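Just entry-v4.cif here, mmCIF, C-alpha atoms:
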data_my_file
loop_
_atom_site.label_atom_id
_atom_site.label_comp_id
_atom_site.auth_asym_id
_atom_site.auth_seq_id
_atom_site.Cartn_x
_atom_site.Cartn_y
_atom_site.Cartn_z
CA MET A 16 -9.98 -26.63 12.41
CA ALA A 17 -8.44 -23.51 13.90
CA GLY A 18 -6.43 -21.08 11.84
CA ILE A 19 -2.68 -21.81 11.92
CA LYS A 20 -0.16 -18.99 12.11
CA LYS A 21 2.32 -20.79 9.89
CA LEU A 22 -0.32 -21.11 7.15
CA ARG A 23 -0.85 -17.35 6.84
CA ARG A 24 -0.02 -15.74 3.52
CA ILE A 25 0.15 -12.34 1.87
CA GLN A 26 -0.16 -12.40 -1.92
CA LEU A 27 0.08 -9.51 -4.37
CA GLY A 28 -1.36 -8.82 -7.79
CA LYS A 29 -0.73 -5.73 -9.93
CA GLU A 30 -4.01 -4.21 -11.09
CA THR A 31 -4.43 -3.54 -14.81
CA THR A 32 -7.27 -1.11 -14.12
CA ALA A 33 -6.95 0.72 -10.82
CA GLY A 34 -9.61 -0.52 -8.41
CA LEU A 35 -10.52 -3.63 -10.41
CA ALA A 36 -9.46 -6.68 -8.39
CA VAL A 37 -7.09 -9.17 -9.99
CA ALA A 38 -5.74 -12.59 -9.03
CA ALA A 39 -2.50 -12.59 -7.08
CA THR A 40 0.69 -13.42 -8.97
CA THR A 41 3.35 -13.40 -6.25
CA LYS A 42 3.77 -14.07 -2.54
CA TRP A 43 5.10 -11.42 -0.16
CA ARG A 44 8.11 -12.74 1.73
CA GLY A 45 7.24 -11.08 4.99
CA THR A 46 4.50 -10.81 7.59
CA GLY A 47 1.38 -8.73 8.20
CA THR A 48 -2.40 -9.10 8.43
CA LEU A 49 -5.30 -7.41 6.67
CA GLU A 50 -7.53 -5.18 8.78
CA ASP A 51 -11.07 -4.20 7.81
CA LYS A 52 -11.34 -0.51 8.77
CA ARG A 53 -15.07 -0.01 8.10
CA GLU A 54 -16.93 1.46 11.07
CA ALA A 55 -20.51 0.60 12.01
CA TYR A 56 -22.71 3.64 12.61
CA PHE A 57 -25.40 3.36 15.30
CA PRO A 58 -27.75 6.39 15.04
CA ASP A 59 -29.35 7.99 18.10
CA GLU A 60 -33.15 7.71 18.19
CA ASP A 61 -36.03 8.88 20.39
CA ILE A 62 -38.42 5.95 19.90
CA GLY A 63 -39.71 5.18 23.41
CA PHE A 64 -37.15 2.56 24.44
CA ILE A 65 -34.85 2.96 27.43
CA VAL A 66 -32.47 0.40 25.91
CA PRO A 67 -30.73 0.40 22.54
CA VAL A 68 -32.71 -1.00 19.61
CA ASN A 69 -30.80 -2.73 16.83
CA ARG A 70 -30.16 -0.42 13.91
CA ALA A 71 -26.77 0.07 12.25
CA PHE A 72 -25.12 0.57 8.89
CA PHE A 73 -21.71 1.05 7.31
CA PRO A 74 -21.29 4.50 5.73
CA PHE A 75 -17.92 3.68 4.08
CA THR A 76 -15.40 0.87 3.57
CA GLN A 77 -11.63 0.82 3.81
CA GLY A 78 -8.92 -1.73 4.42
CA GLN A 79 -5.38 -1.58 5.73
CA LEU A 80 -2.38 -3.86 5.65
CA ASP A 81 0.61 -3.05 7.82
CA LEU A 82 3.54 -4.87 6.28
CA ASP A 83 5.72 -5.72 9.26
CA GLU A 84 9.38 -4.81 9.23
CA VAL A 85 11.33 -7.48 7.33
CA PRO A 86 14.68 -7.56 5.52
CA ALA A 87 14.51 -5.49 2.35
CA THR A 88 15.26 -7.36 -0.86
CA PHE A 89 16.26 -6.20 -4.32
CA GLU A 90 13.33 -8.13 -5.79
CA GLN A 91 10.45 -7.07 -3.52
CA LEU A 92 11.28 -3.54 -2.36
CA PRO A 93 10.14 -2.21 -5.78
CA HIS A 94 6.58 -3.39 -5.02
CA ILE A 95 6.42 -0.92 -2.13
CA LEU A 96 8.03 1.83 -4.20
CA ALA A 97 5.60 1.24 -7.08
CA MET A 98 2.67 1.57 -4.66
CA GLY A 99 4.13 4.58 -2.85
CA VAL A 100 6.33 6.68 -5.15
CA ASP A 101 5.71 6.06 -8.84
CA GLY A 102 3.97 3.22 -10.61
CA VAL A 103 7.05 1.70 -12.20
CA VAL A 104 6.67 -2.10 -12.47
CA SER A 105 9.03 -2.81 -15.38
CA GLY A 106 12.76 -2.24 -15.28
CA THR A 107 14.90 -0.46 -17.84
CA LYS A 108 17.46 -2.88 -19.27
CA ASP A 109 21.01 -1.93 -18.30
CA GLY A 110 22.56 -1.89 -21.77
CA ILE A 111 24.22 -5.20 -22.59
CA GLY A 112 23.99 -6.30 -18.96
CA THR A 113 21.45 -8.61 -17.37
CA GLY A 114 20.46 -5.97 -14.84
CA TYR A 115 17.20 -4.03 -14.90
CA VAL A 116 16.99 -0.57 -13.35
CA TYR A 117 13.89 0.51 -11.45
CA THR A 118 13.92 4.27 -10.84
CA TYR A 119 11.48 5.88 -8.41
CA ALA A 120 11.78 9.67 -8.50
CA PHE A 121 9.66 11.54 -6.00
CA PRO A 122 7.46 14.27 -7.54
CA THR A 123 8.53 17.90 -7.62
CA THR A 124 6.45 19.86 -10.14
CA THR A 125 4.27 17.08 -11.56
CA VAL A 126 2.00 14.53 -9.90
CA LYS A 127 2.98 10.85 -9.85
CA THR A 128 0.50 7.98 -9.97
CA PRO A 129 0.99 4.88 -7.82
CA LYS A 130 0.54 1.38 -9.17
CA THR A 131 -2.44 -0.13 -7.39
CA TYR A 132 -2.46 -3.73 -6.23
CA THR A 133 -4.92 -6.37 -5.10
CA ILE A 134 -3.85 -7.99 -1.84
CA GLU A 135 -4.83 -11.44 -0.59
CA GLY A 136 -4.36 -12.24 3.08
CA GLY A 137 -5.49 -14.82 5.60
CA ASP A 138 -4.78 -18.35 6.74
CA ASN A 139 -6.06 -21.89 6.27
CA GLU A 140 -9.51 -20.93 7.62
CA GLN A 141 -10.37 -17.79 5.65
CA VAL A 142 -8.89 -15.66 2.90
CA GLU A 143 -9.72 -11.98 2.43
CA GLN A 144 -9.04 -9.64 -0.44
CA MET A 145 -8.29 -5.92 -0.61
CA ALA A 146 -8.32 -4.10 -3.95
CA TYR A 147 -7.27 -0.60 -5.07
CA THR A 148 -4.28 -0.72 -2.72
CA PHE A 149 -1.57 1.95 -2.47
CA ALA A 150 1.18 2.74 0.03
CA GLU A 151 0.35 5.52 2.48
CA SER A 152 3.78 5.36 4.11
CA PHE A 153 6.90 3.21 4.21
CA LYS A 154 10.21 3.01 6.00
CA LEU A 155 13.72 1.88 5.15
CA SER A 156 16.23 1.47 7.96
CA GLY A 157 19.51 -0.20 8.71
CA LYS A 158 22.02 -0.74 11.45
CA ARG A 159 25.35 -2.47 11.92
CA LYS A 160 25.52 -6.25 11.45
CA GLU A 161 21.90 -6.38 10.22
CA PRO A 162 20.03 -6.29 6.90
CA ILE A 163 18.41 -3.10 5.72
CA MET A 164 14.78 -3.39 6.76
CA MET A 165 11.56 -2.38 5.00
CA SER A 166 8.00 -1.87 6.24
CA ALA A 167 4.90 -0.14 4.90
CA THR A 168 1.30 0.81 5.57
CA LEU A 169 -0.95 -0.08 2.64
CA ILE A 170 -4.49 1.27 2.19
CA GLY A 171 -7.24 -0.41 0.15
CA SER A 172 -10.82 0.42 -0.72
CA ASP A 173 -12.50 -2.60 0.89
CA VAL A 174 -11.84 -5.94 2.56
CA SER A 175 -14.02 -8.86 1.52
CA VAL A 176 -13.97 -12.64 1.79
CA LEU A 177 -12.30 -14.23 -1.23
CA SER A 178 -14.36 -17.22 -2.24
CA GLY A 179 -12.20 -20.08 -3.42
CA GLY A 180 -9.28 -19.11 -1.21
CA PHE A 181 -5.81 -17.97 -2.18
CA THR A 182 -4.83 -17.78 -5.82
CA ALA A 183 -2.92 -21.03 -6.19
CA ALA A 184 -0.86 -19.79 -9.13
CA ALA A 185 0.88 -17.08 -7.08
CA THR A 186 4.58 -17.94 -7.05
CA LEU A 187 7.18 -17.78 -4.30
CA PRO A 188 9.88 -15.41 -5.56
CA THR A 189 13.61 -15.88 -5.12
CA VAL A 190 14.97 -12.88 -3.24
CA GLU A 191 18.28 -11.45 -2.07
CA GLU A 192 18.57 -9.37 1.10
CA ILE A 193 20.05 -5.86 1.04
CA LEU A 194 22.75 -5.67 3.72
CA PHE A 195 23.70 -2.66 5.79
CA GLN A 196 27.33 -3.75 6.03
CA LYS A 197 27.57 -3.53 2.23
CA ALA A 198 26.29 0.05 2.26
CA ASN A 199 28.32 3.18 1.55
CA LEU A 200 27.47 6.72 2.64
CA TYR A 201 28.25 9.71 0.43
CA ILE A 202 27.77 13.37 1.37
CA ASP A 203 28.49 16.09 -1.18
CA LEU A 204 28.13 19.81 -1.63
CA ILE A 205 24.96 20.87 -3.39
CA SER A 206 27.11 22.24 -6.22
CA GLY A 207 28.90 18.92 -6.61
CA THR A 208 27.99 15.50 -7.97
CA ILE A 209 26.00 13.23 -5.73
CA GLY A 210 27.79 10.01 -4.82
CA THR A 211 31.30 11.45 -5.11
CA THR A 212 32.55 11.92 -1.55
CA GLU A 213 32.37 8.76 0.52
CA ILE A 214 32.15 9.05 4.30
CA GLY A 215 33.64 5.69 5.22
CA CYS A 216 33.39 3.74 8.48
CA THR A 217 31.25 6.43 10.12
CA LEU A 218 27.58 5.51 9.64
CA TYR A 219 26.19 3.33 12.45
CA GLU A 220 22.48 3.50 11.62
CA PHE A 221 19.97 5.20 9.35
CA SER A 222 16.21 5.39 8.98
CA LEU A 223 14.24 6.94 6.16
CA ASP A 224 10.57 7.51 6.99
CA VAL A 225 8.38 8.35 4.02
CA THR A 226 4.82 9.67 4.04
CA THR A 227 4.02 9.22 0.36
CA GLY A 228 1.42 11.97 0.03
CA PHE A 229 -1.02 9.58 -1.61
CA GLN A 230 -4.45 9.73 0.01
CA ALA A 231 -7.82 8.04 -0.46
CA LEU A 232 -10.52 10.46 -1.58
CA TYR A 233 -14.08 9.75 -0.52
CA ALA A 234 -16.83 11.49 -2.49
CA ALA A 235 -20.30 10.62 -3.75
CA SER A 236 -19.63 8.03 -6.45
CA GLY A 237 -22.12 5.20 -6.02
CA SER A 238 -19.70 3.13 -3.94
CA LEU A 239 -18.80 2.86 -0.25
CA GLY A 240 -15.10 2.68 -1.09
CA TYR A 241 -12.99 5.67 -2.05
CA CYS A 242 -13.43 6.85 -5.60
CA LYS A 243 -9.85 7.88 -6.38
CA ILE A 244 -6.36 8.34 -5.02
CA ILE A 245 -5.11 11.90 -4.80
CA ALA A 246 -1.54 13.14 -4.45
CA SER A 247 -0.44 15.71 -1.89
CA THR A 248 3.00 16.67 -0.61
CA PRO A 249 5.27 13.74 0.25
CA GLU A 250 7.37 14.00 3.40
CA LEU A 251 10.74 12.32 3.82
CA LYS A 252 12.67 12.27 7.08
CA LEU A 253 16.20 10.88 7.30
CA HIS A 254 17.78 10.06 10.66
CA LEU A 255 21.46 9.12 10.86
CA VAL A 256 23.69 7.88 13.67
CA PHE A 257 27.36 8.73 13.12
CA GLU A 258 30.61 8.04 14.84
CA HIS A 259 31.74 11.35 16.33
CA ASN A 260 34.79 12.04 14.17
CA ALA A 261 36.09 14.63 11.73
CA SER A 262 33.48 13.72 9.11
CA SER A 263 30.47 14.10 11.41
CA ILE A 264 31.97 17.26 12.92
CA ALA A 265 32.14 18.71 9.39
CA GLN A 266 28.44 17.92 8.90
CA LYS A 267 27.61 19.55 12.21
CA ALA A 268 29.38 22.68 10.94
CA ALA A 269 27.27 22.49 7.77
CA TRP A 270 24.17 22.39 9.99
CA ARG A 271 25.27 25.52 11.85
CA SER A 272 25.89 27.34 8.56
CA LEU A 273 22.63 26.11 6.97
CA THR A 274 24.61 24.60 4.10
CA PRO A 275 22.55 22.30 1.84
CA LYS A 276 23.90 18.83 1.13
CA LEU A 277 23.45 15.87 -1.20
CA ILE A 278 23.29 12.47 0.50
CA ARG A 279 23.56 9.05 -1.11
CA ILE A 280 23.21 5.69 0.66
CA LYS A 281 24.21 2.87 -1.66
CA SER A 282 24.26 -0.86 -1.01
CA GLU A 283 25.37 -3.49 -3.49
CA GLY A 284 24.49 -7.16 -3.56
CA SER A 285 25.65 -10.12 -5.59
CA ALA A 286 27.16 -9.77 -9.04
CA LEU A 287 24.83 -9.60 -12.01
CA ALA A 288 25.21 -12.42 -14.51
CA THR A 289 26.47 -9.87 -17.05
CA ALA A 290 27.61 -6.41 -16.09
CA GLY A 291 26.36 -3.28 -17.79
CA THR A 292 26.48 0.14 -16.17
CA TYR A 293 25.89 -1.78 -12.95
CA THR A 294 28.01 -4.76 -11.95
CA ASN A 295 25.94 -5.82 -8.92
CA LYS A 296 22.39 -5.74 -7.70
CA THR A 297 22.10 -2.28 -6.18
CA LEU A 298 20.00 -0.03 -3.96
CA ILE A 299 20.64 3.72 -4.21
CA ILE A 300 18.89 6.31 -2.05
CA ASP A 301 19.58 9.88 -3.24
CA LEU A 302 18.40 12.86 -1.20
CA ALA A 303 18.87 16.62 -1.26
CA GLY A 304 18.22 18.89 1.70
CA MET A 305 19.64 20.46 4.84
CA TRP A 306 20.55 19.29 8.31
CA GLU A 307 17.71 20.02 10.70
CA LYS A 308 19.09 18.92 14.05
CA PHE A 309 22.17 17.46 15.74
CA ASP A 310 21.74 15.85 19.14
CA LYS A 311 24.18 15.98 22.01
CA LEU A 312 26.94 13.38 22.13
CA GLY A 313 25.97 9.80 22.84
CA GLU A 314 28.06 6.73 23.50
CA ASP A 315 28.36 3.25 22.03
CA ASN A 316 30.73 0.79 23.72
CA GLY A 317 32.97 3.65 24.81
CA ASN A 318 32.91 5.31 21.38
CA ASP A 319 31.29 8.72 21.07
CA ILE A 320 28.42 8.94 18.59
CA ILE A 321 26.12 11.70 17.41
CA GLU A 322 22.62 11.52 15.92
CA ALA A 323 21.29 13.91 13.29
CA ASP A 324 18.09 14.62 11.37
CA PHE A 325 18.22 15.58 7.71
CA ARG A 326 15.33 17.54 6.20
CA VAL A 327 14.78 16.32 2.64
CA ALA A 328 13.86 19.23 0.35
CA TYR A 329 14.21 20.23 -3.29
CA ASP A 330 17.33 22.22 -4.09
CA ALA A 331 17.25 24.49 -7.12
CA THR A 332 21.03 24.58 -7.53
CA ALA A 333 21.31 20.81 -7.77
CA ALA A 334 17.85 20.41 -9.33
CA LYS A 335 17.38 17.41 -7.05
CA TYR A 336 14.89 16.26 -4.43
CA ALA A 337 14.69 12.51 -3.76
CA GLU A 338 15.05 9.32 -5.75
CA ILE A 339 15.32 5.63 -4.93
CA LYS A 340 16.79 3.26 -7.48
CA VAL A 341 16.85 -0.54 -7.38
CA VAL A 342 18.81 -2.75 -9.76
CA ASN A 343 17.91 -6.44 -10.00
CA GLU A 344 17.57 -9.03 -12.76
CA LEU A 345 13.78 -8.91 -13.17
CA ALA A 346 12.49 -7.49 -16.44
CA SER A 347 9.20 -6.75 -14.64
CA LEU A 348 7.80 -7.23 -11.16
CA PRO A 349 6.00 -10.59 -10.79
#

Show me this structure written as structure tokens.
Amino acid sequence: MAGIKKLRRIQLGKETTAGLAVAATTKWRGTGTLEDKREAYFPDEDIGFIVPVNRAFFPFTQGQLDLDEVPATFEQLPHILAMGVDGVVSGTKDGIGTGYVYTYAFPTTTVKTPKTYTIEGGDNEQVEQMAYTFAESFKLSGKRKEPIMMSATLIGSDVSVLSGGFTAAATLPTVEEILFQKANLYIDLISGTIGTTEIGCTLYEFSLDVTTGFQALYAASGSLGYCKIIASTPELKLHLVFEHNASSIAQKAAWRSLTPKLIRIKSEGSALATAGTYTNKTLIIDLAGMWEKFDKLGEDNGNDIIEADFRVAYDATAAKYAEIKVVNELASLP
């Protein structure tokens, strides 16, 4: 029988020991396919043949899974953040409420460690497995009348055939989409409190591109896969599309004066069963930095718009860099 597209799956399992494969516990509610990135090496030889003679080997192994862009959810976005920012897989209970808070603070003066996962992927014909998986990059984006979207590039140490097929016990999680229309934009002075000054009915689109800084290190270690994950400088790029109005004009003036800013994008979902500090499921993106560029005026259905790039950087006055927070009702990630 041929492989059937509709029978593809991606399943995730949190590793107890980094690099030691585990059975999957949950299904990813999105799309993507595993890619074996090993490269065959064919050495040059002077052996008296005018044609190639079979000889090849694999000097290293590596796998990659590009998680396609799908609607971000309060329940599954933390998997990407755990693999790409900080290895938080259990929420902090929100007081007397039923909410759990997952906080992913990007590193400033100390190194963070990602939570590694084992990934299962394939279809009804063959299932492959990739262990020691972390997020090399991810993206969050949103635009009017659409959900906020998430995507990621995941790197693993090897791709191999999983005998026995998919882990049958992996469950299909219940998820709730994070909606752009429910989002609020806040922009504050660096000396102020982030999330104070709302810029209403102005934001048309945003995209946050994150290079996590986590990298696979290959060194002599008795294995073809990488021997550890190292942390270098993360890079965050925020792109915003505004209505051209008094609010965006004020931000353009801040760009010209090189005035640092605090930006918050917050989107709430359904009400939590019991409110604590948070009343609803919530996504909060907090960023410090400076405007890097404002484009010339554009147009959308006769309305003038302007696009801008925000350079995310640590600010000593605010003592802030970047943090993403998700509130859901899961005590821990499945």

(request) May I have the residues within 8 Å of segment 238-249 of chain A as a ChimeraX atom specification, using all atoms listed in the file and disregarding those fewer than 2 positions away in the same chain? (result) /A:74-77,121,126-128,172-173,225-236,251

(message) Just want the 10 Å neighbourhood of Val341 of chain A, counted on only C-alpha atoms, with same-chain residues fewer than 5 positions away dropped. Output as an MDAnalysis selection string.
(response) chainID A and resid 88:93 96 106 114:119 281:283 296:300

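If you measure from each of A:Phe64, A:Glu192, A:Ser105, A:Thr41 to Val85 of chain A using only C-alpha atoms, the closest one turns out to be A:Glu192.
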
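Distance annotation: of A:Gly110, A:Gly102, A:Gly47, A:Pro275, the residue with the minimal separation from Gly304 of chain A is A:Pro275; atom set is all atoms listed in the file.
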
(request) Report as an MDAnalysis selection string the full result of the PyMOL selection byres ((chain A and resi 149) around 8) when it is applied to this structure. (result) chainID A and resid 98:99 129:132 147:148 150:151 169:171 229

Residue members of the PyMOL selection byres ((chain A and resi 333) around 8) in the file shown, as a short mmCIF file (atom, residue, chain, number, x, y, z; two decimals) with C-alpha atoms, keeping the file's coordinate frame:
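Full text of out19.cif as output:
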data_model
loop_
_atom_site.label_atom_id
_atom_site.label_comp_id
_atom_site.auth_asym_id
_atom_site.auth_seq_id
_atom_site.Cartn_x
_atom_site.Cartn_y
_atom_site.Cartn_z
CA ILE A 205 24.96 20.87 -3.39
CA SER A 206 27.11 22.24 -6.22
CA GLY A 207 28.90 18.92 -6.61
CA ASP A 330 17.33 22.22 -4.09
CA ALA A 331 17.25 24.49 -7.12
CA THR A 332 21.03 24.58 -7.53
CA ALA A 334 17.85 20.41 -9.33
CA LYS A 335 17.38 17.41 -7.05
#

(request) Name the residues in contact with Lys252 of chain A at a cut-off of 12 Å, using only C-alpha atoms, excluding same-chain residues fewer than 6 positions from it; report them as a ChimeraX atom specification. (result) /A:152-156,221-227,302-308,323-328,337

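Minimum atom-to-atom distances from A:Leu22, A:Ile278, A:Leu35, A:Leu82 to Thr211 of chain A were compared using all atoms listed in the file, and the lowest value belongs to A:Ile278.
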
(request) Take atom CA of Val256 of chain A and atom CA of Ile320 of chain A and report the distance between them in Å, one decimal. (result) 6.9 Å

Got a minute to add N, CA and C atoms to segment 165-200 of chain A and dump it as a CSV table (one decimal), in the frame of the given file?
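Below is the file result08.csv, written as the result:
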chain,number,residue,atom,x,y,z
A,165,MET,N,12.6,-3.1,5.7
A,165,MET,CA,11.6,-2.4,5.0
A,165,MET,C,10.2,-2.7,5.7
A,166,SER,N,9.4,-1.7,5.7
A,166,SER,CA,8.0,-1.9,6.2
A,166,SER,C,7.1,-0.8,5.5
A,167,ALA,N,5.8,-1.0,5.6
A,167,ALA,CA,4.9,-0.1,4.9
A,167,ALA,C,3.5,-0.2,5.5
A,168,THR,N,2.7,0.8,5.3
A,168,THR,CA,1.3,0.8,5.6
A,168,THR,C,0.6,1.0,4.2
A,169,LEU,N,-0.2,-0.1,3.9
A,169,LEU,CA,-1.0,-0.1,2.6
A,169,LEU,C,-2.4,0.1,2.9
A,170,ILE,N,-3.1,0.9,2.1
A,170,ILE,CA,-4.5,1.3,2.2
A,170,ILE,C,-5.2,0.7,1.0
A,171,GLY,N,-6.4,0.1,1.2
A,171,GLY,CA,-7.2,-0.4,0.2
A,171,GLY,C,-8.7,0.1,0.3
A,172,SER,N,-9.5,-0.1,-0.7
A,172,SER,CA,-10.8,0.4,-0.7
A,172,SER,C,-11.8,-0.4,0.0
A,173,ASP,N,-11.5,-1.7,0.2
A,173,ASP,CA,-12.5,-2.6,0.9
A,173,ASP,C,-11.8,-3.9,1.2
A,174,VAL,N,-12.3,-4.6,2.2
A,174,VAL,CA,-11.8,-5.9,2.6
A,174,VAL,C,-13.0,-6.9,2.5
A,175,SER,N,-12.9,-7.9,1.7
A,175,SER,CA,-14.0,-8.9,1.5
A,175,SER,C,-13.5,-10.3,1.5
A,176,VAL,N,-14.4,-11.2,1.8
A,176,VAL,CA,-14.0,-12.6,1.8
A,176,VAL,C,-13.7,-13.1,0.3
A,177,LEU,N,-12.6,-13.8,0.1
A,177,LEU,CA,-12.3,-14.2,-1.2
A,177,LEU,C,-12.8,-15.7,-1.4
A,178,SER,N,-13.9,-15.9,-2.1
A,178,SER,CA,-14.4,-17.2,-2.2
A,178,SER,C,-13.4,-18.0,-3.1
A,179,GLY,N,-13.2,-19.3,-2.7
A,179,GLY,CA,-12.2,-20.1,-3.4
A,179,GLY,C,-10.8,-20.1,-2.8
A,180,GLY,N,-10.6,-19.1,-1.9
A,180,GLY,CA,-9.3,-19.1,-1.2
A,180,GLY,C,-8.2,-18.4,-2.0
A,181,PHE,N,-7.0,-18.6,-1.6
A,181,PHE,CA,-5.8,-18.0,-2.2
A,181,PHE,C,-5.7,-18.4,-3.6
A,182,THR,N,-5.2,-17.5,-4.4
A,182,THR,CA,-4.8,-17.8,-5.8
A,182,THR,C,-3.7,-18.8,-5.8
A,183,ALA,N,-3.9,-20.0,-6.3
A,183,ALA,CA,-2.9,-21.0,-6.2
A,183,ALA,C,-1.7,-20.8,-7.1
A,184,ALA,N,-1.9,-20.0,-8.2
A,184,ALA,CA,-0.9,-19.8,-9.1
A,184,ALA,C,0.2,-18.8,-8.7
A,185,ALA,N,-0.1,-18.1,-7.6
A,185,ALA,CA,0.9,-17.1,-7.1
A,185,ALA,C,2.2,-17.8,-6.7
A,186,THR,N,3.3,-17.3,-7.2
A,186,THR,CA,4.6,-17.9,-7.0
A,186,THR,C,5.4,-17.4,-5.9
A,187,LEU,N,6.3,-18.2,-5.4
A,187,LEU,CA,7.2,-17.8,-4.3
A,187,LEU,C,8.5,-17.3,-4.9
A,188,PRO,N,8.7,-16.0,-4.9
A,188,PRO,CA,9.9,-15.4,-5.6
A,188,PRO,C,11.2,-15.7,-4.9
A,189,THR,N,12.2,-15.8,-5.7
A,189,THR,CA,13.6,-15.9,-5.1
A,189,THR,C,14.1,-14.5,-4.8
A,190,VAL,N,14.6,-14.2,-3.6
A,190,VAL,CA,15.0,-12.9,-3.2
A,190,VAL,C,16.4,-12.9,-2.7
A,191,GLU,N,17.0,-11.7,-2.7
A,191,GLU,CA,18.3,-11.4,-2.1
A,191,GLU,C,18.2,-10.3,-1.1
A,192,GLU,N,18.7,-10.4,0.1
A,192,GLU,CA,18.6,-9.4,1.1
A,192,GLU,C,19.6,-8.3,0.8
A,193,ILE,N,19.2,-7.0,1.2
A,193,ILE,CA,20.0,-5.9,1.0
A,193,ILE,C,20.7,-5.6,2.4
A,194,LEU,N,22.0,-5.7,2.5
A,194,LEU,CA,22.8,-5.7,3.7
A,194,LEU,C,23.3,-4.3,4.1
A,195,PHE,N,23.2,-3.9,5.3
A,195,PHE,CA,23.7,-2.7,5.8
A,195,PHE,C,25.2,-2.6,5.7
A,196,GLN,N,25.9,-3.7,6.0
A,196,GLN,CA,27.3,-3.8,6.0
A,196,GLN,C,27.9,-3.5,4.6
A,197,LYS,N,27.1,-3.8,3.6
A,197,LYS,CA,27.6,-3.5,2.2
A,197,LYS,C,27.3,-2.1,1.8
A,198,ALA,N,26.7,-1.3,2.7
A,198,ALA,CA,26.3,0.0,2.3
A,198,ALA,C,27.5,1.0,2.3
A,199,ASN,N,27.4,2.1,1.5
A,199,ASN,CA,28.3,3.2,1.6
A,199,ASN,C,27.5,4.5,1.7
A,200,LEU,N,28.1,5.4,2.5
A,200,LEU,CA,27.5,6.7,2.6
A,200,LEU,C,28.3,7.8,1.9
